[in-house]
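J.: File follows, structure.tsv with TSV, C-alpha atoms and all ligand atoms:
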```tsv
chain	number	residue	atom	x	y	z
U	1	MET	CA	61.15	73.90	55.70
U	2	ASP	CA	63.34	70.82	55.16
U	3	ASP	CA	63.79	68.84	58.33
U	4	TYR	CA	67.59	68.86	58.04
U	5	PHE	CA	67.84	72.67	58.06
U	6	ASN	CA	68.63	72.78	61.78
U	7	TYR	CA	71.56	70.44	61.18
U	8	ILE	CA	73.35	72.96	58.97
U	9	ASP	CA	75.86	74.83	61.11
U	10	HIS	CA	75.77	78.04	59.05
U	11	ASN	CA	78.14	79.93	61.32
U	12	SER	CA	80.86	77.27	61.15
U	13	ILE	CA	80.46	77.00	57.36
U	14	LYS	CA	80.69	80.77	56.97
U	15	LEU	CA	83.80	80.89	59.12
U	16	ALA	CA	85.38	77.95	57.26
U	17	GLU	CA	84.76	79.67	53.91
U	18	LEU	CA	86.31	82.90	55.16
U	19	ALA	CA	89.30	81.05	56.63
U	20	THR	CA	89.83	79.29	53.27
U	21	GLU	CA	89.63	82.62	51.42
U	22	ILE	CA	92.30	84.27	53.56
U	23	GLY	CA	94.60	81.25	53.93
U	24	ASP	CA	93.95	80.09	57.51
U	25	TYR	CA	93.59	76.45	56.51
U	26	SER	CA	93.69	75.00	60.06
U	27	CYS	CA	90.76	77.16	61.08
U	28	ALA	CA	88.91	76.18	57.89
U	29	ILE	CA	89.44	72.46	58.57
U	30	GLU	CA	88.35	72.82	62.20
U	31	HIS	CA	85.08	74.51	61.25
U	32	TYR	CA	84.27	72.34	58.25
U	33	SER	CA	84.76	69.40	60.66
U	34	LYS	CA	82.28	70.94	63.11
U	35	ALA	CA	79.77	71.42	60.30
U	36	ILE	CA	80.26	67.78	59.22
U	37	ASP	CA	79.69	66.50	62.79
U	38	ARG	CA	76.43	68.39	62.96
U	39	LEU	CA	75.28	67.09	59.57
U	40	HIS	CA	76.16	63.54	60.58
U	41	SER	CA	73.87	63.80	63.60
U	42	TYR	CA	70.88	64.12	61.22
U	43	GLN	CA	68.72	60.99	61.46
U	44	GLY	CA	66.18	61.72	58.71
U	45	ASP	CA	65.86	60.31	55.21
U	46	ARG	CA	66.90	63.33	53.09
U	47	THR	CA	70.09	62.93	51.08
U	48	ALA	CA	71.00	66.65	50.94
U	49	PRO	CA	72.84	66.66	54.31
U	50	ILE	CA	74.88	63.62	53.26
U	51	ALA	CA	75.82	65.34	49.99
U	52	MET	CA	76.74	68.51	51.86
U	53	ALA	CA	78.91	66.61	54.35
U	54	SER	CA	80.68	64.83	51.44
U	55	ARG	CA	81.42	68.19	49.85
U	56	PHE	CA	82.99	69.43	53.09
U	57	ILE	CA	85.03	66.22	53.45
U	58	GLN	CA	86.41	66.90	49.96
U	59	GLN	CA	87.20	70.49	50.95
U	60	ILE	CA	89.10	69.24	53.98
U	61	LYS	CA	91.17	66.90	51.78
U	62	GLU	CA	92.14	69.82	49.54
U	63	LEU	CA	92.93	72.04	52.54
U	64	ASN	CA	95.09	69.33	54.11
U	65	SER	CA	97.19	69.23	50.95
U	66	LYS	CA	98.14	72.90	51.33
U	67	ILE	CA	98.12	73.27	55.10
U	68	SER	CA	101.87	73.92	55.25
U	69	PHE	CA	101.27	77.16	53.26
U	70	GLY	CA	98.58	78.35	55.65
U	71	LYS	CA	98.82	81.09	58.29
U	72	GLU	CA	97.16	81.38	61.67
U	73	ILE	CA	94.91	84.43	61.29
U	74	LEU	CA	91.53	83.71	62.82
U	75	LYS	CA	92.38	83.28	66.48
U	76	TYR	CA	89.63	82.55	69.01
U	77	ASP	CA	89.17	85.41	71.51
U	78	SER	CA	87.24	85.82	74.73
U	79	TRP	CA	86.36	88.90	76.79
U	80	LYS	CA	84.80	89.75	80.14
U	81	LEU	CA	82.85	92.91	79.31
U	82	SER	CA	81.12	94.17	76.20
U	83	LYS	CA	80.10	97.73	75.49
U	84	THR	CA	76.48	96.85	76.26
U	85	ALA	CA	77.51	95.32	79.60
U	86	PHE	CA	79.53	98.43	80.42
U	87	ILE	CA	76.52	100.69	79.76
U	88	LYS	CA	74.29	98.46	81.91
U	89	GLY	CA	76.88	98.38	84.70
U	90	ASN	CA	77.21	102.12	84.57
U	91	GLN	CA	73.46	102.37	85.14
U	92	CYS	CA	73.40	99.81	87.98
U	93	ILE	CA	75.95	97.17	88.98
U	94	LYS	CA	73.13	94.74	89.77
U	95	TYR	CA	71.86	95.15	86.20
U	96	LEU	CA	75.31	94.14	84.93
U	97	TYR	CA	75.41	91.12	87.28
U	98	LEU	CA	71.90	89.88	86.42
U	99	ASP	CA	72.49	90.36	82.72
U	100	LYS	CA	75.49	88.05	82.93
U	101	PHE	CA	74.25	85.40	85.37
U	102	LYS	CA	70.45	85.49	85.31
U	103	LYS	CA	69.62	86.12	81.66
U	104	THR	CA	66.41	84.09	81.86
U	105	GLU	CA	64.97	86.61	84.33
U	106	ARG	CA	64.99	89.38	81.74
U	107	THR	CA	61.65	90.88	80.72
U	108	PRO	CA	61.48	90.73	76.91
U	109	PHE	CA	61.55	94.04	75.04
U	110	SER	CA	58.18	95.54	74.11
U	111	LYS	CA	57.09	95.79	70.46
U	112	GLU	CA	57.62	99.57	70.65
U	113	LYS	CA	61.19	99.10	71.80
U	114	GLU	CA	61.87	96.56	69.07
U	115	ASN	CA	60.49	98.99	66.50
U	116	LEU	CA	62.87	101.65	67.82
U	117	PHE	CA	65.80	99.23	67.39
U	118	LYS	CA	64.66	98.51	63.82
U	119	GLU	CA	64.47	102.24	63.05
U	120	GLY	CA	67.97	102.68	64.47
U	121	HIS	CA	69.36	99.86	62.32
U	122	SER	CA	67.65	101.27	59.26
U	123	PHE	CA	69.18	104.75	59.82
U	124	GLU	CA	72.56	103.15	60.46
U	125	ALA	CA	72.36	101.18	57.20
U	126	TRP	CA	71.34	104.33	55.32
U	127	VAL	CA	74.32	106.33	56.62
U	128	ARG	CA	76.72	103.49	55.83
U	129	GLU	CA	75.46	103.05	52.29
U	130	THR	CA	75.37	106.78	51.56
U	131	GLU	CA	78.45	108.16	53.30
U	132	PHE	CA	80.72	105.10	53.61
U	133	PRO	CA	79.67	102.61	50.90
U	134	ASP	CA	81.19	99.21	50.09
U	135	GLY	CA	82.51	98.38	53.54
U	136	ILE	CA	83.10	94.88	54.85
U	137	ASN	CA	80.61	93.91	57.55
U	138	ILE	CA	82.38	91.81	60.17
U	139	LYS	CA	79.11	90.37	61.51
U	140	ASP	CA	78.01	89.19	58.08
U	141	LYS	CA	81.37	87.86	57.05
U	142	VAL	CA	82.63	85.93	60.08
U	143	GLY	CA	79.75	84.00	61.64
U	144	HIS	CA	81.30	83.39	65.08
U	145	PHE	CA	81.59	86.29	67.56
U	146	ALA	CA	84.81	84.92	69.04
U	147	TYR	CA	86.63	85.51	65.72
U	148	PHE	CA	85.38	89.06	65.03
U	149	ASN	CA	88.39	90.69	66.67
U	150	ALA	CA	90.90	88.54	64.75
U	151	TYR	CA	89.29	89.24	61.37
U	152	THR	CA	89.05	92.97	62.11
U	153	ASN	CA	92.73	92.92	62.97
U	154	TYR	CA	93.54	91.07	59.75
U	155	LEU	CA	91.73	93.71	57.66
U	156	ILE	CA	93.38	96.60	59.50
U	157	ASN	CA	96.79	95.10	58.77
U	158	GLN	CA	96.17	95.09	55.00
U	159	ALA	CA	98.11	97.77	53.12
U	160	GLN	CA	95.15	99.28	51.26
U	161	LYS	CA	92.38	101.49	52.66
U	162	GLN	CA	89.68	99.52	54.48
U	163	ILE	CA	86.10	100.43	55.35
U	164	ILE	CA	84.89	98.12	58.10
U	165	TYR	CA	81.38	97.90	59.58
U	166	GLU	CA	80.99	96.46	63.09
U	167	ALA	CA	84.76	96.56	63.54
U	168	SER	CA	85.43	94.55	66.70
U	169	ILE	CA	88.24	95.42	69.06
U	170	ILE	CA	89.20	93.61	72.27
U	171	GLU	CA	91.60	95.22	74.71
U	172	ASN	CA	91.80	94.89	78.48
U	173	GLU	CA	89.23	92.02	78.26
U	174	VAL	CA	86.63	94.44	76.87
U	175	LEU	CA	84.95	94.00	73.48
U	176	VAL	CA	83.68	97.02	71.59
U	177	MET	CA	82.12	97.03	68.13
U	178	CYS	CA	82.49	100.24	66.15
U	179	ASP	CA	79.75	101.03	63.64
U	180	ILE	CA	82.29	102.19	61.05
U	181	LEU	CA	86.08	102.05	61.13
U	182	ILE	CA	88.12	103.48	58.28
U	183	LYS	CA	91.75	102.44	58.01
U	184	GLN	CA	93.51	104.88	55.70
U	185	GLU	CA	96.43	103.88	53.48
U	186	ASN	CA	98.82	105.73	55.81
U	187	GLY	CA	97.57	103.56	58.71
U	188	HIS	CA	95.47	106.27	60.37
U	189	ILE	CA	92.19	105.17	61.88
U	190	ASP	CA	88.90	107.10	61.85
U	191	ILE	CA	85.92	105.78	63.77
U	192	TYR	CA	82.23	106.71	63.46
U	193	GLU	CA	79.41	105.78	65.83
U	194	ILE	CA	75.91	106.29	64.45
U	195	LYS	CA	73.00	107.25	66.71
U	196	ASN	CA	69.42	107.57	65.52
U	197	ASN	CA	68.96	110.71	67.57
U	198	THR	CA	69.34	114.46	67.19
U	199	ALA	CA	70.86	115.14	70.65
U	200	LEU	CA	74.25	114.24	72.06
U	201	LYS	CA	72.92	112.48	75.19
U	202	ASP	CA	75.05	111.65	78.22
U	203	VAL	CA	74.55	107.93	77.65
U	204	PHE	CA	76.04	108.29	74.15
U	205	LYS	CA	79.06	110.00	75.69
U	206	THR	CA	79.48	107.05	78.11
U	207	ASP	CA	79.22	104.63	75.19
U	208	LEU	CA	81.76	106.55	73.12
U	209	ALA	CA	84.12	107.11	76.05
U	210	LEU	CA	84.43	103.33	76.49
U	211	GLN	CA	84.93	102.73	72.77
U	212	TYR	CA	87.51	105.49	72.61
U	213	ALA	CA	89.49	104.11	75.60
U	214	ILE	CA	89.61	100.63	74.04
U	215	CYS	CA	90.45	101.91	70.55
U	216	LYS	CA	93.10	104.24	71.95
U	217	LYS	CA	94.75	101.29	73.69
U	218	ARG	CA	94.76	99.34	70.43
U	219	PHE	CA	95.72	102.09	67.96
U	220	ASN	CA	97.46	104.69	70.10
U	221	ASP	CA	98.77	107.55	67.92
U	222	LYS	CA	97.23	106.02	64.78
U	223	LEU	CA	93.77	106.91	66.10
U	224	ASN	CA	93.08	110.01	64.02
U	225	SER	CA	89.48	110.85	64.88
U	226	PHE	CA	86.55	109.48	66.86
U	227	ASN	CA	83.21	110.75	65.65
U	228	ILE	CA	79.54	110.57	66.43
U	229	ILE	CA	76.94	110.80	63.67
U	230	LEU	CA	73.61	112.32	64.76
U	231	ARG	CA	70.44	113.11	62.84
U	232	ASN	CA	69.85	116.77	61.97
U	233	ASP	CA	66.10	116.24	62.46
U	234	TYR	CA	63.47	113.50	62.25
U	235	GLU	CA	61.85	114.73	59.04
U	236	SER	CA	64.77	114.21	56.70
U	237	ARG	CA	67.46	111.57	56.82
U	238	ASN	CA	70.28	114.13	56.96
U	239	TRP	CA	72.97	113.91	59.57
U	240	LYS	CA	75.93	115.74	61.09
U	241	ILE	CA	79.35	114.38	62.06
U	242	ILE	CA	81.00	115.60	65.29
U	243	ASP	CA	84.59	114.70	66.19
U	244	LEU	CA	84.65	114.07	69.95
U	245	SER	CA	88.27	112.88	70.21
U	246	SER	CA	89.59	115.60	72.51
U	247	ASP	CA	86.63	115.36	74.96
U	248	LEU	CA	86.88	111.56	75.03
U	249	GLU	CA	90.63	111.62	75.59
U	250	LYS	CA	90.06	113.43	78.91
U	251	GLN	CA	87.84	110.57	80.13
U	252	THR	CA	90.21	107.69	79.37
U	253	ALA	CA	91.69	107.31	82.87
U	254	GLU	CA	88.24	107.37	84.50
U	255	VAL	CA	86.90	104.81	82.01
U	256	ASN	CA	89.81	102.46	82.71
U	257	LEU	CA	89.05	102.59	86.46
U	258	LYS	CA	85.38	101.91	85.76
U	259	ILE	CA	86.27	98.88	83.62
U	260	GLU	CA	88.20	97.33	86.51
U	261	ALA	CA	85.38	98.11	88.98
U	262	LEU	CA	82.78	96.46	86.72
U	263	LYS	CA	84.94	93.40	86.12
U	264	SER	CA	85.20	92.92	89.89
U	265	VAL	CA	81.36	93.04	90.17
U	266	LEU	CA	81.28	89.92	88.00
U	267	LYS	CA	83.65	88.08	90.33
U	268	ASN	CA	81.43	88.58	93.40
U	269	ASN	CA	77.92	87.69	94.59
U	270	GLU	CA	74.76	89.41	93.37
U	271	PRO	CA	74.95	93.06	94.52
U	272	GLN	CA	72.27	94.32	96.92
U	273	ILE	CA	70.87	97.47	95.30
U	274	ASP	CA	67.54	99.14	96.11
U	275	MET	CA	65.28	100.09	93.24
U	276	GLY	CA	64.99	103.77	92.37
U	277	LEU	CA	65.05	106.28	89.53
U	278	HIS	CA	68.16	104.64	88.13
U	279	CYS	CA	65.98	101.65	87.10
U	280	TYR	CA	64.56	103.83	84.30
U	281	ASN	CA	67.51	106.05	83.48
U	282	PRO	CA	69.10	106.20	80.96
U	283	TYR	CA	67.20	103.06	79.85
U	284	GLN	CA	64.40	101.02	81.35
U	285	CYS	CA	66.14	98.09	83.04
U	286	GLU	CA	65.21	94.61	81.80
U	287	PHE	CA	65.12	93.23	85.38
U	288	ILE	CA	62.47	95.50	86.93
U	289	GLU	CA	60.03	92.59	87.34
U	290	TYR	CA	62.76	90.45	88.90
U	291	CYS	CA	63.74	93.17	91.40
U	292	GLN	CA	60.09	93.98	92.21
U	293	LYS	CA	59.49	90.31	93.10
U	294	LYS	CA	62.48	90.45	95.45
U	295	CYS	CA	61.33	93.63	97.27
L	1	LIG	S1	65.59	96.95	88.38
L	1	LIG	FE1	66.82	98.62	89.21
L	1	LIG	S2	67.89	97.77	90.97
L	1	LIG	FE2	67.13	96.05	89.75
L	1	LIG	S3	68.85	95.54	88.43
L	1	LIG	FE3	67.56	96.93	87.30
L	1	LIG	S4	68.41	98.95	87.67
L	1	LIG	FE4	69.26	97.60	89.23
```
Produce structure tokens that represent the structure in this file.
T.:
Amino acid sequence: MDDYFNYIDHNSIKLAELATEIGDYSCAIEHYSKAIDRLHSYQGDRTAPIAMASRFIQQIKELNSKISFGKEILKYDSWKLSKTAFIKGNQCIKYLYLDKFKKTERTPFSKEKENLFKEGHSFEAWVRETEFPDGINIKDKVGHFAYFNAYTNYLINQAQKQIIYEASIIENEVLVMCDILIKQENGHIDIYEIKNNTALKDVFKTDLALQYAICKKRFNDKLNSFNIILRNDYESRNWKIIDLSSDLEKQTAEVNLKIEALKSVLKNNEPQIDMGLHCYNPYQCEFIEYCQKKC
């Protein structure tokens, strides 16, 4: 591999290209500038990084000439909890705390677990391509997590129908990413969460209840349906779609209380929690070795 490869800030370049495409010229200039700074820190003797930086400098000149026609679209966002953090906190508040403040103490996932993740992603991709083709994948398109919400919002505000993968919504300082979000021409929103499983497990309901509460806050009456997609069996790749909207609606108030409780865990010291069955349920905690050392 060329020795300058690590000096290419792919995420900033991707974001700058997207910002140029949709007319947010300030954002494009900011991120081309970041990419140039990184390229300029290269000390080797290859000319490719210099050529690339020159190209971006030229882009910035062109963008500066039309900056007065630009719009601020890709706003930087931050959040306190993600869906994954919520699920971990629901299992054990110490798990949530350690996951935020002591990441290096995590035990890496086993090969088996990684294979399960891969299988899940493969099923997810299959459902998307077959049932909801030609969507825009926010993760692939944007590059920087902090801009996912803004770009999702931009797409949702377009007049035509949109199919969005990894649609990212932040409300109440919580980030959720929906596997598939369809914005219909009449503005109605349908959301689909894909699980590589045949059973509607309790942990899936917790996951969906959070997503529903956040999406409901964002879309209110425009939220038309909130669905889970489950496998029919493990032999075929067929699936079923279940609309859980009315069940999830009943849990909204409880979820909102839980969000506040989990946010307050992150403002305090490490919780003192004894180990027990909850360390393995619904998922094996990544901090078992850490907690065992402390016992
Ligand atoms: S090992 Fe158990 S007690 Fe420790 S953080 Fe994980 S779930 Fe909580």
J.: Between U:His278, U:His40, U:Lys34, U:Lys139, single out the one closest to Tyr95 of chain U, counting all atoms listed in the file.
T.: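 Among U:His278, U:His40, U:Lys34, U:Lys139, it is U:His278 that comes nearest to Tyr95 of chain U.
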J.: Using all atoms listed in the file, which residues sit within 10 Å of Ile60 of chain U once same-chain residues fewer than 4 positions away are excluded, as a list in words?
T.: Tyr25, Ser26, Ala28, Ile29, Glu30, His31, Tyr32, Ser33, Ser54, Arg55, Phe56, Asn64, Ser65 and Ile67 of chain U
J.: Work out where the centre of an axis-aligned box around every listed atom of ligand LIG 1 (chain L) lies and how long its edges are once 8 Å is added on each side; give both in Å to one decimal as lines of an AutoDock Vina configuration file.
T.:
```
center_x = 67.4
center_y = 97.2
center_z = 89.1
size_x = 19.7
size_y = 19.4
size_z = 19.7
```
J.: Calculate how many Å separate atom CA of Lys94 of chain U from atom FE1 of ligand LIG 1 (chain L), rounding to one decimal.
T.: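 So the answer is 7.4 Å.
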J.: Given the choices U:Leu175, U:Ile228, U:Cys215, U:Ile259, which gets closest to Lys201 of chain U if the distance is worked out from all atoms listed in the file?
T.: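 For Lys201 of chain U, the nearest of the candidates is U:Ile228.
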J.: Which residues of segment 225-281 of chain U come within 9 Å of segment 80-83 of chain U, and what is each one's closest atom pair and distance in Å (one decimal), counting only C-alpha atoms, sorted by chain and residue number, as a Markdown table?
T.:
```
| residue | atom | partner | partner_atom | distance |
| --- | --- | --- | --- | --- |
| U:Ile259 | CA | U:Leu81 | CA | 8.1 |
| U:Leu262 | CA | U:Leu81 | CA | 8.2 |
| U:Lys263 | CA | U:Lys80 | CA | 7.0 |
| U:Leu266 | CA | U:Lys80 | CA | 8.6 |
```
J.: For ligand LIG 1 (chain L), collect every residue having any atom at a distance of at most 6 Å from a ligand atom (counting all atoms listed in the file); output as a CSV table (one decimal) with C-alpha atoms, in the frame of the given file.
T.:
```csv
chain,number,residue,atom,x,y,z
U,92,CYS,CA,73.4,99.8,88.0
U,94,LYS,CA,73.1,94.7,89.8
U,95,TYR,CA,71.9,95.2,86.2
U,273,ILE,CA,70.9,97.5,95.3
U,274,ASP,CA,67.5,99.1,96.1
U,275,MET,CA,65.3,100.1,93.2
U,278,HIS,CA,68.2,104.6,88.1
U,279,CYS,CA,66.0,101.6,87.1
U,285,CYS,CA,66.1,98.1,83.0
U,287,PHE,CA,65.1,93.2,85.4
U,288,ILE,CA,62.5,95.5,86.9
U,291,CYS,CA,63.7,93.2,91.4
```
J.: Tell me which protein, DNA and RNA residues are within 8 Å of segment 119-131 of chain U, counting all atoms listed in the file, leaving out same-chain ones fewer than 6 positions away, and put them as a ChimeraX atom specification.
T.: /U:180,194-196,237
J.: Between U:Asn268, U:Asn197, U:Ser225, U:Gln251, which is the closest to Asn238 of chain U once you count all atoms listed in the file?
T.: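 Using all atoms listed in the file, Asn238 of chain U sits closest to U:Asn197.
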J.: Quote the spacing between atom CA of Lys183 of chain U and atom CA of Leu248 of chain U in Å to one decimal place.
T.: 19.9 Å
J.: Which residue is closest to Asp24 of chain U? Choose from U:Phe86, U:Tyr165, U:Phe204, U:Tyr154 and count only C-alpha atoms.
T.: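 Result for the nearest residue to Asp24 of chain U: U:Tyr154.
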J.: Pick the closest to Lys267 of chain U from U:Arg231, U:Ile93, U:His10, U:Lys75: which is it, counting all atoms listed in the file?
T.: U:Ile93
